[in-house]
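Colleague: Could you have a look at this structure, given as C-alpha cells, before my questions?
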Amino acid sequence: MSSTTGIYLLAPEHAGPIQRLAADPRIAATTSIPHPYPEHGARHFVAQQLEDRAAGRAWVFAILDRAELVGVCGVEGLGAGESPELGYWIGAPFWGQGYATFALRMLLEFIFTNLRLDAVGARSLEANPASVRVLEKNGFRRIAVRPNTDPALHAVGEPVVHLRITRAEWQAHRDGPALAQLHPLLRQILDAELAAGNEIVETGGGWPDVDSIFVRLRDQFRTRPDPVPAELTYAELNDPHWWRAEYSSRSPRHVLAC
Ligand SMILES: CC(C)(COP(=O)(O)OP(=O)(O)OC[C@H]1O[C@@H](n2cnc3c(N)ncnc32)[C@H](O)[C@@H]1OP(=O)(O)O)[C@@H](O)C(=O)NCCC(=O)NCCS
C-alpha cells in the first residue's frame, strides 16, 4: 500500500478494513449499506466493484491516509442509459477531519479530467447535513428535495436532497478563486490560450510567495504575445518534474505555466 494520502483504486486488500468500518450502524443509518453487515460483505462488495469497473459501470476508490483505509468513495451509474452518481462513506472513527471533503475533491478531478463526464449527481438524506455540506463545499448545487423511494436507503418518504455539478461548474469552483486574483496581463494570455483550445489543469496560490497565484495549462503555449509585456518574464524551463515554460509577473509573483 502507498503511504501517500489519497484515493486509490479499490482492491481485494481493502476488504478487511472495509468489513470492520462498514459494520458500524452509523454507516448504515444514512446509506444503503445493510446492518447487520453480512459476514463476507466487504469481500463481495470489492469483487462486485472490480466487475463493475471492468465493465465500465463504476469506479470505486479506497480513501487511504498513510496506508490506513479511512473510507470509500466512487462514481457509479456509468453504463448506457444510466446517470452517473457519487457514493461515499468515511469510517466513524475518522469523521470530522476533512476526509470526505478531500476525497470528493480528488474524485471530482478524476471524474472530469480522466473520465471526461459532463456532469455528476449525488443524493443525501436531508437529515444528513454533514454529507450535504461536503457536497456543497465541493461545488455541488441542490436541484430538488424529494421523498425517498428507495427502501434500501432509508424509510420511504424521508426527504432526500438531490445535488448536481457540471464540468463547467466544477472548473469554476476549482479555478475561480485563483483566477479572480491573477495578474491582469497573465489573465490576458490565459484568456487567449483558453480561446485557442488550451485547458487549465491546475490552479493554486501561496507559492512561491505567500501572495503568489499559480495556473498550469495542459498544452504548450499556443499564443505568444510578441513582444512579451515589460512587466512579465518568459522562461523556458523544460524541466520534466516541473513544467516546460512560464510567464511570470514580478511583484506579486504570479505564474502561468504549461
Ligand atoms: C457524511 C460523511 C461522509 C462526512 O465525512 P467527514 O469526513 O466527517 O466530512 P468532513 O470532515 O470532510 O466535512 C464535514 C462537514 O460537515 C459539517 N458538519 C458536520 N456535522 C454537521 C451538522 N450536523 N450540520 C451541519 N454541518 C455539519 C462539518 O462542520 C464539515 O464542514 P466544515 O468543514 O465546513 O466545518 C460521514 O459522516 C459519513 O461517512 N457518514 C456515514 C455515511 C454517509 O452518510 N455517507 C454519505 C451518504 S450520502
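Each chain in the C-alpha cells gets a letter, A, B, ..., in the order shown, and its residues are numbered from 1; ligands are numbered from 1 in order too.
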Check segment 1-249 of chain A with DSSP on the backbone and list each residue it calls alpha helix (DSSP H), as a PyMOL selection string.
Modeller: chain A and resi 15-22+25-28+41-54+99-109+129-137+167-181+184-195
Colleague: Using only C-alpha atoms and all ligand atoms, which protein or nucleic acid residues are at most 9 Å from ligand 1, as a PyMOL selection string?
Modeller: chain A and resi 26-33+70-72+86-92+94-104+122-125+127-135+137
Colleague: With distances taken over only C-alpha atoms, which residue among A:Ser212, A:Thr113, A:Gln220, A:Gln188 lies nearest Val255 of chain A?
Modeller: A:Ser212
Colleague: One decimal, in Å: what's the spacing between atom CA of Arg187 of chain A and atom CA of Trp243 of chain A?
Modeller: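 About the pair atom CA of Arg187 of chain A and atom CA of Trp243 of chain A: they are 18.7 Å apart.
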Colleague: Taking into account only C-alpha atoms, which residue in the set A:Leu163, A:Val156, A:Leu232, A:Cys258 is nearest to Ile143 of chain A?
Modeller: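 Checking each candidate against Ile143 of chain A, we get A:Leu163 as the closest.
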Colleague: Give me, as a list of chain:residue names, all polymer residues having an atom no more than 10 Å from Ala196 of chain A, counting only C-alpha atoms and skipping those fewer than 6 positions away in the same chain.
Modeller: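 The residues that qualify are A:Leu190, A:Phe221, A:Arg222, A:Thr223.
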Colleague: Of the residues A:Pro93, A:Gly16, A:Pro252, A:Pro147, which is the one nearest to His40 of chain A, using only C-alpha atoms?
Modeller: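 Between A:Pro93, A:Gly16, A:Pro252, A:Pro147, the residue approaching His40 of chain A most closely is A:Gly16.
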Colleague: Taking only C-alpha atoms into account, produce a table as JSON lines in which each residue of segment 40-59 of chain A with an atom at most 8 Å from an atom of segment 75-82 of chain A appears once, together with its shortest atom pair and the distance in Å to one decimal, ordered by chain and rising number.
Modeller:
```
{"residue": "A:Gly56", "atom": "CA", "partner": "A:Gly79", "partner_atom": "CA", "distance": 6.6}
{"residue": "A:Arg57", "atom": "CA", "partner": "A:Leu78", "partner_atom": "CA", "distance": 4.5}
{"residue": "A:Ala58", "atom": "CA", "partner": "A:Glu76", "partner_atom": "CA", "distance": 4.1}
{"residue": "A:Trp59", "atom": "CA", "partner": "A:Val75", "partner_atom": "CA", "distance": 5.4}
```
Colleague: Based on the selection just made, write all heavy atoms of those residues as a PDB file, in the first residue's frame.
Modeller:
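Output contents, as saved in result-v7.pdb:
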```
ATOM      1  N   GLY A  56     -17.009  -1.091 -17.083  1.00  0.00           N
ATOM      2  CA  GLY A  56     -17.179   0.346 -17.324  1.00  0.00           C
ATOM      3  C   GLY A  56     -18.409   0.929 -16.653  1.00  0.00           C
ATOM      4  O   GLY A  56     -18.882   1.996 -17.034  1.00  0.00           O
ATOM      5  N   ARG A  57     -18.936   0.247 -15.621  1.00  0.00           N
ATOM      6  CA  ARG A  57     -20.146   0.751 -14.953  1.00  0.00           C
ATOM      7  C   ARG A  57     -19.849   1.639 -13.757  1.00  0.00           C
ATOM      8  O   ARG A  57     -20.681   2.451 -13.357  1.00  0.00           O
ATOM      9  CB  ARG A  57     -21.011  -0.432 -14.467  1.00  0.00           C
ATOM     10  CG  ARG A  57     -21.680  -1.212 -15.569  1.00  0.00           C
ATOM     11  CD  ARG A  57     -22.696  -2.186 -14.986  1.00  0.00           C
ATOM     12  NE  ARG A  57     -22.044  -3.236 -14.211  1.00  0.00           N
ATOM     13  CZ  ARG A  57     -21.747  -4.450 -14.688  1.00  0.00           C
ATOM     14  NH1 ARG A  57     -22.062  -4.762 -15.917  1.00  0.00           N
ATOM     15  NH2 ARG A  57     -21.151  -5.355 -13.923  1.00  0.00           N
ATOM     16  N   ALA A  58     -18.682   1.470 -13.140  1.00  0.00           N
ATOM     17  CA  ALA A  58     -18.385   2.214 -11.902  1.00  0.00           C
ATOM     18  C   ALA A  58     -16.878   2.277 -11.666  1.00  0.00           C
ATOM     19  O   ALA A  58     -16.120   1.425 -12.152  1.00  0.00           O
ATOM     20  CB  ALA A  58     -19.055   1.519 -10.715  1.00  0.00           C
ATOM     21  N   TRP A  59     -16.459   3.316 -10.932  1.00  0.00           N
ATOM     22  CA  TRP A  59     -15.077   3.421 -10.464  1.00  0.00           C
ATOM     23  C   TRP A  59     -15.149   3.696  -8.965  1.00  0.00           C
ATOM     24  O   TRP A  59     -15.662   4.732  -8.552  1.00  0.00           O
ATOM     25  CB  TRP A  59     -14.350   4.585 -11.141  1.00  0.00           C
ATOM     26  CG  TRP A  59     -14.019   4.331 -12.573  1.00  0.00           C
ATOM     27  CD1 TRP A  59     -14.842   4.511 -13.644  1.00  0.00           C
ATOM     28  CD2 TRP A  59     -12.771   3.869 -13.095  1.00  0.00           C
ATOM     29  NE1 TRP A  59     -14.196   4.190 -14.807  1.00  0.00           N
ATOM     30  CE2 TRP A  59     -12.920   3.793 -14.502  1.00  0.00           C
ATOM     31  CE3 TRP A  59     -11.552   3.512 -12.528  1.00  0.00           C
ATOM     32  CZ2 TRP A  59     -11.886   3.371 -15.327  1.00  0.00           C
ATOM     33  CZ3 TRP A  59     -10.529   3.101 -13.361  1.00  0.00           C
ATOM     34  CH2 TRP A  59     -10.699   3.023 -14.744  1.00  0.00           C
TER      35      TRP A  59
END
```
Colleague: List every residue of segment 3-246 of chain A that DSSP, applied to the backbone of this structure, assigns to strand (DSSP E), and report them as JSON, numbers by chain.
Modeller: {"A": [6, 7, 8, 9, 59, 60, 61, 62, 63, 64, 65, 68, 69, 70, 71, 72, 73, 74, 75, 76, 85, 86, 87, 88, 89, 90, 119, 120, 121, 122, 123, 124, 125, 141, 142, 143, 144, 145, 146, 147, 159, 160, 161, 162, 163, 164, 165, 166, 200, 201, 202, 203, 204, 205, 213, 214, 215, 216, 217, 232, 233, 234, 235, 236, 245, 246]}
Colleague: Would you list the contacts of Gly204 of chain A as a ChimeraX atom specification, taking every protein, DNA or RNA residue within 12 Å and counting only C-alpha atoms, but skipping same-chain residues closer than 4 positions in sequence?
Modeller: /A:174-182,200,208-216,254-257
Colleague: Under the rule that only C-alpha atoms are counted, which of A:Gly74, A:Ile7, A:Ala152, A:Pro84 is the nearest residue to Met106 of chain A?
Modeller: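 Under the stated criterion, the closest residue is A:Ile7.
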Colleague: Between atom CA of Leu107 of chain A and atom CA of Val145 of chain A, what is the spacing in Å?
Modeller: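 So the answer is 24.0 Å.
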Colleague: Which residues come within 12 Å of His14 of chain A, counting only C-alpha atoms, excluding same-chain residues fewer than 5 positions away, as a list in words?
Modeller: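 Contacts, with the query itself left out: Met1, Tyr8, Leu9, Gln19, Arg20, Leu21, Ala22, Ala42, Arg43, His44, Phe45, Val46, Ala47, Gln49, Val60, Phe61, Ala62, Ile63, Leu64, Ala67, Glu68, Leu69, Val70, Gly71 and Val72 of chain A.
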